[in-house]
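The file protein_39.txt comes next; it holds compact mmCIF, C-alpha atoms.
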# COMPACT_ATOMS: atom_id res chain seq x y z
CA MET A 1 -7.72 -67.48 -15.41
CA LEU A 2 -4.65 -68.51 -13.40
CA ILE A 3 -1.13 -67.51 -14.39
CA SER A 4 2.33 -68.59 -13.35
CA ARG A 5 3.47 -67.09 -10.06
CA ALA A 6 6.70 -66.15 -11.84
CA GLN A 7 5.00 -63.70 -14.22
CA LEU A 8 3.37 -60.27 -14.08
CA PHE A 9 0.81 -59.45 -16.77
CA VAL A 10 0.23 -55.80 -17.66
CA ALA A 11 -2.72 -54.78 -19.80
CA VAL A 12 -1.93 -52.36 -22.56
CA LEU A 13 -2.86 -48.77 -21.83
CA ALA A 14 -5.70 -47.42 -23.97
CA ALA A 15 -6.65 -43.94 -25.10
CA VAL A 16 -10.01 -42.50 -24.21
CA ALA A 17 -11.10 -42.66 -27.84
CA ALA A 18 -12.84 -45.00 -30.25
CA ALA A 19 -9.55 -46.56 -31.32
CA PRO A 20 -7.16 -48.01 -28.69
CA MET A 21 -3.99 -46.09 -28.05
CA TRP A 22 -1.73 -49.15 -27.89
CA ALA A 23 -0.93 -51.70 -30.56
CA GLN A 24 -1.74 -54.78 -28.43
CA ASN A 25 -4.35 -55.67 -25.86
CA TYR A 26 -2.11 -57.47 -23.37
CA VAL A 27 1.65 -57.73 -23.01
CA THR A 28 3.53 -60.22 -20.89
CA GLY A 29 6.71 -59.25 -19.08
CA PRO A 30 8.73 -62.40 -18.43
CA ASN A 31 10.33 -62.92 -15.07
CA SER A 32 14.01 -61.97 -15.09
CA GLY A 33 14.91 -64.46 -12.35
CA ALA A 34 13.74 -67.51 -10.46
CA GLU A 35 10.72 -67.13 -8.23
CA SER A 36 11.78 -66.54 -4.65
CA LYS A 37 10.87 -64.71 -1.50
CA ILE A 38 11.98 -61.07 -1.48
CA ASP A 39 13.32 -60.62 2.09
CA ASN A 40 10.80 -57.87 2.90
CA ASN A 41 12.05 -55.54 0.12
CA PRO A 42 9.62 -55.33 -2.85
CA ASP A 43 11.33 -54.82 -6.23
CA LEU A 44 10.35 -52.34 -8.90
CA VAL A 45 8.60 -53.89 -11.88
CA THR A 46 9.55 -52.06 -15.09
CA PHE A 47 8.26 -52.41 -18.65
CA PRO A 48 9.76 -50.39 -21.52
CA LEU A 49 7.40 -48.24 -23.59
CA THR A 50 7.95 -46.83 -27.10
CA VAL A 51 5.88 -43.88 -28.38
CA THR A 52 5.88 -43.66 -32.19
CA GLY A 53 4.00 -40.37 -32.53
CA ALA A 54 3.78 -37.24 -30.40
CA GLY A 55 0.43 -36.48 -28.80
CA THR A 56 -1.58 -35.89 -25.65
CA TYR A 57 -2.67 -39.26 -24.24
CA SER A 58 -5.41 -40.09 -21.75
CA LEU A 59 -4.09 -43.28 -20.17
CA SER A 60 -6.07 -46.16 -18.71
CA GLY A 61 -5.90 -49.97 -18.69
CA GLY A 62 -5.60 -52.95 -16.39
CA ILE A 63 -3.04 -55.03 -14.54
CA PHE A 64 -2.66 -58.63 -13.36
CA PHE A 65 -0.79 -59.00 -10.10
CA LEU A 66 0.36 -62.10 -8.27
CA LYS A 67 0.84 -62.25 -4.51
CA SER A 68 1.07 -65.08 -2.05
CA GLY A 69 0.95 -64.47 1.69
CA THR A 70 -0.81 -62.44 4.32
CA ILE A 71 -2.28 -58.95 3.89
CA THR A 72 0.30 -56.17 3.32
CA THR A 73 0.09 -52.45 3.90
CA GLY A 74 1.78 -49.64 2.04
CA THR A 75 1.50 -47.47 -1.08
CA ILE A 76 1.45 -49.06 -4.52
CA THR A 77 1.93 -46.77 -7.53
CA LEU A 78 2.07 -47.18 -11.28
CA ASN A 79 4.29 -44.52 -12.87
CA LEU A 80 4.79 -43.42 -16.46
CA MET A 81 8.45 -42.43 -16.68
CA SER A 82 10.68 -40.54 -19.10
CA GLY A 83 14.14 -41.45 -17.91
CA ALA A 84 14.23 -40.45 -14.24
CA SER A 85 11.30 -38.02 -14.60
CA THR A 86 7.78 -39.06 -13.62
CA LEU A 87 5.21 -37.90 -16.17
CA ALA A 88 2.08 -39.46 -14.68
CA THR A 89 1.22 -41.47 -11.57
CA VAL A 90 -1.74 -43.52 -10.44
CA THR A 91 -2.04 -45.01 -6.93
CA LEU A 92 -3.42 -48.54 -6.70
CA SER A 93 -5.34 -49.89 -3.72
CA ASN A 94 -4.01 -52.57 -1.38
CA ALA A 95 -6.85 -54.81 -2.56
CA GLN A 96 -4.90 -55.19 -5.78
CA PHE A 97 -2.16 -56.90 -3.82
CA CYS A 98 -4.34 -59.48 -2.14
CA ALA A 99 -8.03 -60.26 -2.44
CA GLY A 100 -8.30 -62.27 0.78
CA THR A 101 -7.99 -61.50 4.47
CA SER A 102 -5.27 -64.02 5.31
CA ASN A 103 -2.78 -66.29 3.57
CA CYS A 104 -4.17 -65.56 0.09
CA GLN A 105 -3.51 -66.27 -3.56
CA SER A 106 -4.35 -63.26 -5.74
CA TYR A 107 -4.50 -63.47 -9.52
CA GLY A 108 -7.08 -60.72 -10.05
CA TYR A 109 -7.33 -58.31 -12.97
CA HIS A 110 -7.67 -54.69 -11.86
CA THR A 111 -8.35 -51.57 -13.91
CA PHE A 112 -6.67 -48.20 -13.44
CA THR A 113 -6.76 -44.71 -14.99
CA PHE A 114 -4.07 -42.03 -14.85
CA PRO A 115 -5.73 -38.89 -13.40
CA THR A 116 -4.49 -36.46 -16.09
CA PRO A 117 -3.52 -36.77 -19.76
CA ALA A 118 0.18 -37.05 -20.60
CA VAL A 119 1.84 -34.99 -23.33
CA LEU A 120 4.29 -37.40 -24.96
CA SER A 121 6.83 -36.91 -27.73
CA ALA A 122 8.00 -39.77 -29.88
CA GLY A 123 10.63 -41.74 -27.97
CA SER A 124 11.28 -44.24 -25.22
CA TYR A 125 9.44 -44.31 -21.89
CA SER A 126 8.77 -46.89 -19.20
CA LEU A 127 5.88 -48.14 -17.10
CA VAL A 128 7.02 -48.78 -13.52
CA LEU A 129 5.11 -50.54 -10.75
CA SER A 130 6.52 -49.73 -7.29
CA SER A 131 5.45 -50.41 -3.73
CA SER A 132 6.39 -49.47 -0.20
CA ALA A 133 4.39 -52.43 1.11
CA THR A 134 6.33 -54.66 3.51
CA PRO A 135 5.55 -58.39 3.20
CA GLN A 136 4.61 -59.99 6.49
CA GLN A 137 6.15 -63.29 7.63
CA ASN A 138 8.33 -63.30 4.47
CA ASP A 139 5.37 -64.80 2.59
CA ALA A 140 4.82 -62.20 -0.14
CA TYR A 141 6.16 -62.68 -3.65
CA PHE A 142 6.80 -59.89 -6.13
CA ALA A 143 7.40 -60.92 -9.74
CA LYS A 144 10.16 -59.15 -11.68
CA GLY A 145 9.26 -57.73 -15.08
CA ALA A 146 11.58 -57.30 -18.09
CA GLY A 147 11.93 -57.49 -21.80
CA THR A 148 8.67 -56.66 -23.56
CA THR A 149 8.19 -53.37 -25.41
CA LEU A 150 4.86 -51.54 -25.51
CA THR A 151 4.13 -49.35 -28.52
CA ALA A 152 1.96 -46.23 -28.52
CA ASN A 153 -0.08 -45.27 -31.59
CA THR A 154 -0.85 -41.67 -32.52
CA ASN A 155 -4.56 -42.37 -32.71
CA VAL A 156 -5.64 -40.04 -29.89
CA VAL A 157 -8.21 -37.36 -29.18
CA GLY A 158 -6.79 -33.81 -29.34
CA VAL A 159 -6.99 -31.65 -26.21
CA SER A 160 -5.94 -28.16 -25.21
CA ASP A 161 -3.50 -27.79 -22.33
CA LEU A 162 -2.88 -24.35 -20.79
CA ILE A 163 0.16 -23.23 -18.84
CA VAL A 164 0.89 -19.82 -17.29
CA SER A 165 4.08 -17.95 -16.47
CA LYS A 166 4.95 -14.56 -15.04
CA SER A 167 7.86 -12.09 -15.01
CA GLY A 168 8.45 -8.90 -13.05
CA SER A 169 10.00 -5.57 -14.04
CA PRO A 170 12.36 -4.55 -12.63
CA ALA A 171 13.74 -7.95 -11.70
CA THR A 172 14.54 -6.55 -8.25
CA PHE A 173 11.83 -4.35 -6.72
CA VAL A 174 12.51 -1.17 -4.77
CA GLN A 175 10.37 -0.24 -1.79
CA GLY A 176 8.04 2.62 -2.61
CA ASN A 177 8.55 2.25 -6.37
CA ALA A 178 6.42 0.86 -9.18
CA ALA A 179 6.45 -2.81 -10.22
CA THR A 180 5.08 -4.26 -13.45
CA TYR A 181 4.15 -7.91 -14.06
CA ALA A 182 3.76 -9.62 -17.45
CA VAL A 183 1.52 -12.71 -17.30
CA GLN A 184 1.69 -15.12 -20.24
CA VAL A 185 -0.76 -17.94 -21.05
CA ALA A 186 0.29 -20.61 -23.57
CA ASN A 187 -1.45 -23.68 -25.04
CA ILE A 188 0.92 -26.66 -25.14
CA GLY A 189 -1.85 -29.06 -26.17
CA ASN A 190 -2.68 -30.30 -29.68
CA LEU A 191 -6.09 -28.61 -29.95
CA ALA A 192 -7.13 -24.95 -29.83
CA THR A 193 -8.85 -23.70 -26.67
CA SER A 194 -12.59 -23.21 -26.49
CA GLY A 195 -14.78 -21.26 -24.09
CA THR A 196 -13.60 -18.88 -21.38
CA ILE A 197 -10.03 -18.78 -20.11
CA THR A 198 -9.62 -17.39 -16.58
CA VAL A 199 -6.35 -16.10 -15.12
CA THR A 200 -6.24 -15.48 -11.36
CA ASP A 201 -3.30 -13.51 -10.00
CA THR A 202 -2.87 -13.09 -6.24
CA LEU A 203 -0.71 -10.09 -5.37
CA ASP A 204 1.60 -10.15 -2.37
CA ALA A 205 0.29 -8.29 0.70
CA ASN A 206 3.15 -5.81 0.26
CA LEU A 207 1.87 -4.69 -3.16
CA THR A 208 -0.80 -2.12 -3.96
CA PHE A 209 -2.77 -2.83 -7.14
CA VAL A 210 -2.81 -0.09 -9.80
CA THR A 211 -4.04 -1.48 -13.16
CA ALA A 212 -4.42 -4.71 -15.16
CA THR A 213 -4.81 -4.76 -18.96
CA GLY A 214 -4.32 -7.06 -21.93
CA THR A 215 -5.58 -7.37 -25.51
CA ASN A 216 -8.74 -9.54 -25.56
CA TRP A 217 -8.65 -9.76 -21.74
CA THR A 218 -11.17 -8.30 -19.30
CA CYS A 219 -9.56 -7.66 -15.90
CA ASN A 220 -10.75 -6.54 -12.48
CA ALA A 221 -9.31 -6.55 -8.96
CA ALA A 222 -10.80 -7.40 -5.58
CA ALA A 223 -8.34 -6.59 -2.79
CA GLN A 224 -5.16 -8.52 -3.67
CA VAL A 225 -6.78 -10.83 -6.25
CA VAL A 226 -6.69 -9.82 -9.93
CA THR A 227 -8.95 -11.81 -12.28
CA CYS A 228 -8.72 -11.65 -16.08
CA THR A 229 -10.95 -13.54 -18.54
CA SER A 230 -10.85 -14.09 -22.29
CA THR A 231 -12.96 -16.04 -24.83
CA THR A 232 -10.40 -15.65 -27.61
CA ALA A 233 -9.20 -19.08 -28.78
CA VAL A 234 -5.52 -19.91 -28.33
CA SER A 235 -4.26 -22.26 -31.03
CA ALA A 236 -2.26 -25.39 -30.25
CA GLY A 237 1.35 -24.43 -29.58
CA ALA A 238 0.52 -20.71 -29.44
CA SER A 239 0.30 -18.06 -26.70
CA ALA A 240 -2.43 -15.60 -25.75
CA ALA A 241 -1.79 -11.86 -25.64
CA PRO A 242 0.10 -10.99 -22.44
CA ILE A 243 -1.57 -9.46 -19.40
CA THR A 244 0.15 -6.45 -17.82
CA ILE A 245 -0.40 -5.84 -14.11
CA ALA A 246 0.94 -2.63 -12.54
CA ALA A 247 1.42 -2.30 -8.78
CA THR A 248 3.31 -0.27 -6.19
CA VAL A 249 5.74 -1.83 -3.71
CA GLN A 250 4.89 -0.78 -0.18
CA SER A 251 7.55 0.25 2.37
CA ASN A 252 7.05 -2.42 5.00
CA GLY A 253 10.61 -3.72 5.29
CA GLU A 254 9.92 -6.84 3.20
CA ALA A 255 12.89 -8.66 1.68
CA ALA A 256 10.92 -10.41 -1.08
CA ILE A 257 7.58 -10.20 -2.89
CA THR A 258 5.76 -13.47 -3.71
CA ASN A 259 3.07 -13.60 -6.40
CA ASN A 260 0.99 -16.61 -7.43
CA VAL A 261 -0.89 -16.89 -10.73
CA SER A 262 -3.09 -19.67 -12.14
CA VAL A 263 -5.01 -20.38 -15.35
CA ALA A 264 -8.15 -22.45 -15.92
CA GLY A 265 -10.77 -23.15 -18.57
CA GLY A 266 -10.32 -23.04 -22.33
CA GLY A 267 -11.51 -26.65 -22.60
CA GLU A 268 -8.38 -28.12 -21.04
CA THR A 269 -8.45 -31.27 -18.90
CA ASN A 270 -4.94 -31.17 -17.44
CA SER A 271 -4.82 -28.96 -14.34
CA ALA A 272 -1.48 -30.20 -13.05
CA ASN A 273 0.50 -27.44 -14.79
CA ASP A 274 -1.83 -24.48 -14.26
CA THR A 275 0.01 -22.52 -11.55
CA PHE A 276 3.15 -20.40 -11.37
CA GLN A 277 4.89 -18.62 -8.51
CA LEU A 278 7.26 -15.67 -8.87
CA VAL A 279 9.44 -14.47 -5.99
CA SER A 280 11.04 -11.04 -6.55
CA PRO A 281 13.75 -9.69 -4.22
CA VAL A 282 13.16 -6.22 -2.74
CA THR A 283 15.77 -3.56 -2.05
CA SER A 284 15.44 -0.38 0.02
CA PRO A 285 17.49 2.53 1.39
CA ASN A 286 18.63 2.36 5.02
CA LEU A 287 19.63 5.65 6.63
CA SER A 288 21.90 6.25 9.60
CA VAL A 289 23.13 9.49 11.22
CA THR A 290 26.25 10.52 13.13
CA LYS A 291 27.35 13.75 14.80
CA SER A 292 30.61 15.39 15.93
CA VAL A 293 31.52 18.71 17.59
CA THR A 294 34.39 21.19 17.54
CA PRO A 295 36.03 21.72 19.97
CA THR A 296 35.81 18.27 21.52
CA ALA A 297 35.78 19.84 25.01
CA LEU A 298 33.52 22.86 25.44
CA THR A 299 33.86 25.82 27.78
CA PRO A 300 31.19 28.01 29.36
CA ALA A 301 30.33 30.98 27.12
CA GLY A 302 32.34 29.31 24.35
CA SER A 303 31.11 28.21 20.94
CA ALA A 304 30.14 24.71 19.71
CA ALA A 305 30.20 23.77 15.99
CA TYR A 306 28.30 20.53 15.30
CA SER A 307 28.61 18.50 12.08
CA ILE A 308 25.85 15.97 11.20
CA THR A 309 26.28 13.30 8.48
CA VAL A 310 23.49 11.15 7.02
CA THR A 311 24.60 7.88 5.32
CA ASN A 312 22.59 5.43 3.21
CA SER A 313 23.83 1.91 3.96
CA GLY A 314 20.98 0.30 1.98
CA ASN A 315 21.11 -1.17 -1.53
CA ALA A 316 18.90 1.44 -3.22
CA ALA A 317 18.96 5.23 -3.50
CA THR A 318 16.67 7.27 -1.27
CA THR A 319 13.40 8.69 -2.58
CA GLY A 320 11.22 11.52 -1.26
CA THR A 321 12.01 13.74 1.70
CA ILE A 322 14.71 13.01 4.28
CA THR A 323 14.19 14.63 7.69
CA VAL A 324 16.92 15.21 10.28
CA THR A 325 15.83 16.34 13.77
CA ASP A 326 18.51 17.62 16.12
CA THR A 327 17.61 18.39 19.76
CA LEU A 328 20.07 20.77 21.39
CA ASP A 329 20.94 20.46 25.08
CA ALA A 330 19.15 22.97 27.34
CA ASN A 331 22.56 24.47 28.12
CA LEU A 332 23.14 25.41 24.48
CA THR A 333 21.88 28.46 22.63
CA TYR A 334 21.12 28.00 18.91
CA VAL A 335 23.01 30.30 16.49
CA SER A 336 22.66 28.89 12.95
CA ALA A 337 22.17 25.72 10.82
CA SER A 338 22.97 25.07 7.16
CA GLY A 339 24.02 22.41 4.68
CA SER A 340 24.17 22.00 0.90
CA GLY A 341 20.81 20.64 -0.25
CA TRP A 342 19.32 21.01 3.24
CA ASN A 343 16.60 23.39 4.44
CA CYS A 344 17.00 24.00 8.19
CA SER A 345 14.90 25.85 10.77
CA PRO A 346 14.87 25.98 14.61
CA ALA A 347 11.95 25.73 17.04
CA GLY A 348 13.16 26.20 20.58
CA GLN A 349 15.90 23.63 21.15
CA VAL A 350 14.83 21.50 18.15
CA VAL A 351 16.53 22.06 14.78
CA THR A 352 14.83 20.40 11.80
CA CYS A 353 16.56 19.97 8.43
CA THR A 354 14.92 18.45 5.32
CA SER A 355 16.23 17.45 1.91
CA THR A 356 14.80 15.85 -1.24
CA THR A 357 18.23 15.21 -2.75
CA ALA A 358 18.62 11.46 -3.36
CA ILE A 359 21.42 9.67 -1.49
CA GLY A 360 22.82 6.77 -3.49
CA ALA A 361 23.37 3.31 -2.05
CA SER A 362 26.44 3.26 0.24
CA ALA A 363 26.77 7.06 -0.06
CA SER A 364 26.41 10.04 2.30
CA ALA A 365 24.63 13.37 2.02
CA ALA A 366 26.33 16.74 2.38
CA ALA A 367 27.04 17.49 6.05
CA ILE A 368 24.76 19.71 8.14
CA SER A 369 26.49 22.36 10.28
CA ILE A 370 24.80 23.59 13.46
CA ASN A 371 26.43 26.38 15.51
CA ALA A 372 25.60 27.13 19.14
CA THR A 373 27.04 28.79 22.24
CA VAL A 374 27.49 27.18 25.64
CA LYS A 375 25.65 28.78 28.55
CA SER A 376 27.38 29.46 31.88
CA ASN A 377 25.12 27.39 34.10
CA GLY A 378 27.75 25.30 35.81
CA GLU A 379 27.05 22.24 33.67
CA THR A 380 29.82 19.64 33.26
CA SER A 381 28.52 18.21 29.96
CA VAL A 382 25.94 18.80 27.23
CA THR A 383 23.95 16.06 25.51
CA ASN A 384 22.71 16.31 21.92
CA ASN A 385 20.34 13.86 20.21
CA VAL A 386 19.87 13.65 16.45
CA ALA A 387 17.58 11.39 14.37
CA VAL A 388 16.94 10.77 10.66
CA SER A 389 13.83 9.39 8.94
CA GLY A 390 12.15 9.19 5.54
CA GLY A 391 13.96 8.85 2.24
CA GLY A 392 11.84 5.90 1.14
CA GLN A 393 13.19 3.47 3.71
CA ALA A 394 10.91 0.93 5.35
CA SER A 395 7.89 2.29 7.19
CA GLY A 396 8.70 3.18 10.79
CA LEU A 397 12.44 2.78 10.26
CA SER A 398 14.64 5.57 11.67
CA SER A 399 18.11 6.04 13.09
CA SER A 400 19.32 8.15 16.02
CA PHE A 401 22.63 9.21 17.53
CA GLN A 402 23.55 10.76 20.88
CA LEU A 403 26.63 12.90 21.50
CA VAL A 404 27.73 13.80 25.04
CA THR A 405 30.39 16.52 25.25
CA SER A 406 32.22 17.58 28.40
CA VAL A 407 32.24 21.20 29.53
CA GLY A 408 35.33 22.50 31.37
CA THR A 409 35.57 25.29 33.98
CA VAL A 410 37.11 28.74 33.61
CA VAL A 411 39.79 29.69 36.26
CA ALA A 412 38.64 32.86 38.05
CA PRO A 413 41.12 35.82 37.91
CA VAL A 414 42.96 36.82 41.17
CA PRO A 415 41.51 40.04 42.66
CA ILE A 416 43.88 43.09 42.72
CA SER A 417 43.55 43.28 46.50
CA ASN A 418 45.53 40.01 46.78
CA TRP A 419 48.47 41.11 44.60
CA PRO A 420 50.74 42.40 47.52
CA THR A 421 50.46 39.01 49.20
CA LEU A 422 51.33 37.19 45.98
CA ILE A 423 54.31 39.53 45.37
CA GLY A 424 55.57 38.90 48.89
CA LEU A 425 55.33 35.15 48.47
CA ALA A 426 57.18 35.37 45.17
CA ALA A 427 59.98 37.47 46.73
CA ALA A 428 60.35 34.99 49.57
CA ALA A 429 60.67 32.17 47.11
CA LEU A 430 63.34 33.97 45.16
CA PHE A 431 65.29 34.77 48.38
CA PHE A 432 65.18 31.09 49.37
CA VAL A 433 66.54 29.93 46.02
CA ALA A 434 69.30 32.54 45.99
CA ASN A 435 70.50 31.86 49.55
CA ARG A 436 69.90 28.09 49.93
CA LYS A 437 73.69 27.37 50.27
CA SER A 438 74.11 29.92 53.01
CA LEU A 439 71.04 28.64 54.79
CA ARG A 440 72.38 25.06 54.69
CA ALA A 441 75.75 26.18 56.06
CA ALA A 442 74.15 28.01 58.94
Will you turn the file into structure tokens for me?
Amino acid sequence: MLISRAQLFVAVLAAVAAAPMWAQNYVTGPNSGAESKIDNNPDLVTFPLTVTGAGTYSLSGGIFFLKSGTITTGTITLNLMSGASTLATVTLSNAQFCAGTSNCQSYGYHTFTFPTPAVLSAGSYSLVLSSSATPQQNDAYFAKGAGTTLTANTNVVGVSDLIVSKSGSPATFVQGNAATYAVQVANIGNLATSGTITVTDTLDANLTFVTATGTNWTCNAAAQVVTCTSTTAVSAGASAAPITIAATVQSNGEAAITNNVSVAGGGETNSANDTFQLVSPVTSPNLSVTKSVTPTALTPAGSAAYSITVTNSGNAATTGTITVTDTLDANLTYVSASGSGWNCSPAGQVVTCTSTTAIGASASAAAISINATVKSNGETSVTNNVAVSGGGQASGLSSSFQLVTSVGTVVAPVPISNWPTLIGLAAAALFFVANRKSLRAA
């Protein structure tokens, strides 16, 4: 059957059921303008669609397409649209644009099937044919559709349709702390599920699995993959009992934790909405250490009073034990070390102080005081190194600080045997000052 080159015929979509989904078998969309060449820019062909009853529709049908000219290449799609949102898409082959191998006339009827059912509410939709194919030699014609309304019946086969979502508690994870996930499966189809439902949750590499439980769910874990199954039916529009997954956040310096979960089974046929990804930010403490000394310039055989401060510049309080290690210069002799909340002990030149008192975010711990004496070995400076670690910050993360302090010299006293000489020099100086006028006159 030949048709006018100015028209595009679209077969009515049909449900995969005994009764057709649409009210007519074929609908013609009249051309909205005169037939003409389309200067290498194919137009969209749009037909309005009205759905009179909500349901889940398995869509299939056929299409007439007219083309004149040489073979074209590109992607041709048929889209079911709700406003600007694409609900379902089927890709047509290039053979549906032209049946020949050269300057051809194509009036063929071609069938198509949308790959997944569409859940439609009552309302207005559209069927849009689009193409990225570029006509060669300006010989291809693309008819413009308009005007005719398609109507969907509610005579469809019911199907289940599972979706899955996930939330984390707390919303922001803390390194080294516990994390709890709630996984929720819901049936948005119009038929209760049947058979086994399987939920697969893949934990981030920076999580350590603890437990997984849920009413009517059987769960087990293999490495980072948690699998839960259930044969309990989920009614249309209802949700299954939640699954709770407990884990521990490792201290690897990660800034975010990514978890992927999917659902399958239950008799559903739509797998396009079966996955969910949750990205949770991670916070952690970040310790730094500084050190000062009094006096700022040391003297041989004098004392040195060091003050050490540990600061948490991270966005979470510390957890566990904080360790400060201070290495005294070889030219210092340890005397004592103390600090509120700190337990300090020396071993040779190394002073170690530990504390389990939490340091809040952007806060500092009580200072550590270390007292020492300076040896008289002729040194001109002493170097002290201090480091901090632990507190729940990222694995392998530590901070260090080096303080170099100058050491002055002590002026040796004048021996008594030299006093007569010094007294004589002083007397000569006084005589010169007292008699400088007379000396100048002479």
| field | Shell of 7 Å around A:Leu162, all atoms listed in the file, local chain residues under 2 positions omitted, as a list in words | value |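 My list of contacting residues is Ser160, Val164, Val185, Ala186, Asn187, Ile188, Glu268 and Asp274 of chain A.
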| So which residues touch stretch 325-332 of chain A within 7 Å, counting all atoms listed in the file, skipping near sequence neighbours fewer than 4 positions away, as number ranges by chain? | A: 349-353, 372-375, 382-388
| query | Pick from A:Asn270, A:Ser406, A:Thr275, A:Ser364: nearest to A:Thr296, with all atoms listed in the file counted? | reply | A:Ser406
| field | Polymer residues at most 9 Å from (20.8, 19.6, 1.5) by all atoms listed in the file, as an NGL selection string | value | :A and (338-344 or 353-357 or 365-368)
| said: Taking only C-alpha atoms into account, name the residue in A:Leu287, A:Ile163, A:Ala182, A:Ala305 that is nearest to A:Ser271. | reply: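 That would be A:Ile163, the residue with the smallest distance to A:Ser271.
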| query | When distances are computed from only C-alpha atoms, which of A:Thr318, A:Thr258, A:Thr405, A:Asn220 shows the smallest separation from A:Val282? | reply | A:Thr258
| said: Can you pull out the residues contacting A:Val293? Cut-off 10 Å, using all atoms listed in the file, and skip same-chain residues under 3 positions away; I want them as a list in words. | reply: Thr296, Ala297, Leu298, Ala304, Ala305, Tyr306, Ser307, Ile308, Ser369, Ile370, Asn371, Leu403, Val404 and Thr405 of chain A
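Here atom CA of A:Asn315 stands at a distance of 29.2 Å from atom CA of A:Ala212.
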| message | Neighbouring residues of A:Ala240 were defined as those with any atom within 12 Å, considering all atoms listed in the file; residues of the same chain fewer than 6 positions away were excluded. Please report them as a PyMOL selection string. | response | chain A and resi 162-165+182-188+192-193+197-199+214-217+229-234+263+266
For C-alpha atoms, I'd like the residues from the last selection saved as a tab-separated table (two decimals), keeping the file's coordinate frame.
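Listed below is the output, selection-v1.tsv:
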chain	number	residue	atom	x	y	z
A	162	LEU	CA	-2.88	-24.35	-20.79
A	163	ILE	CA	0.16	-23.23	-18.84
A	164	VAL	CA	0.89	-19.82	-17.29
A	165	SER	CA	4.08	-17.95	-16.47
A	182	ALA	CA	3.76	-9.62	-17.45
A	183	VAL	CA	1.52	-12.71	-17.30
A	184	GLN	CA	1.69	-15.12	-20.24
A	185	VAL	CA	-0.76	-17.94	-21.05
A	186	ALA	CA	0.29	-20.61	-23.57
A	187	ASN	CA	-1.45	-23.68	-25.04
A	188	ILE	CA	0.92	-26.66	-25.14
A	192	ALA	CA	-7.13	-24.95	-29.83
A	193	THR	CA	-8.85	-23.70	-26.67
A	197	ILE	CA	-10.03	-18.78	-20.11
A	198	THR	CA	-9.62	-17.39	-16.58
A	199	VAL	CA	-6.35	-16.10	-15.12
A	214	GLY	CA	-4.32	-7.06	-21.93
A	215	THR	CA	-5.58	-7.37	-25.51
A	216	ASN	CA	-8.74	-9.54	-25.56
A	217	TRP	CA	-8.65	-9.76	-21.74
A	229	THR	CA	-10.95	-13.54	-18.54
A	230	SER	CA	-10.85	-14.09	-22.29
A	231	THR	CA	-12.96	-16.04	-24.83
A	232	THR	CA	-10.40	-15.65	-27.61
A	233	ALA	CA	-9.20	-19.08	-28.78
A	234	VAL	CA	-5.52	-19.91	-28.33
A	263	VAL	CA	-5.01	-20.38	-15.35
A	266	GLY	CA	-10.32	-23.04	-22.33
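With atom CA of A:Ala363 on one side and atom CA of A:Thr180 on the other, the separation reads 27.9 Å.
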| Hey, which of A:Leu127, A:Val174, A:Ala122, A:Ala238 ends up closest to A:Met81? Count only C-alpha atoms. |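 With only C-alpha atoms as the atom set, the closest residue is A:Leu127.
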Coordinates of box centre and edge lengths for stretch 324-331 of chain A, 6 Å on every side, axis-aligned, as JSON:
{"center_x": 19.2, "center_y": 19.8, "center_z": 19.2, "size_x": 18.7, "size_y": 21.3, "size_z": 29.8}
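Nearest residue to A:Gly176 among A:Gly391, A:Ser345, A:Ser130, A:Asp161 is A:Gly391, counting only C-alpha atoms.
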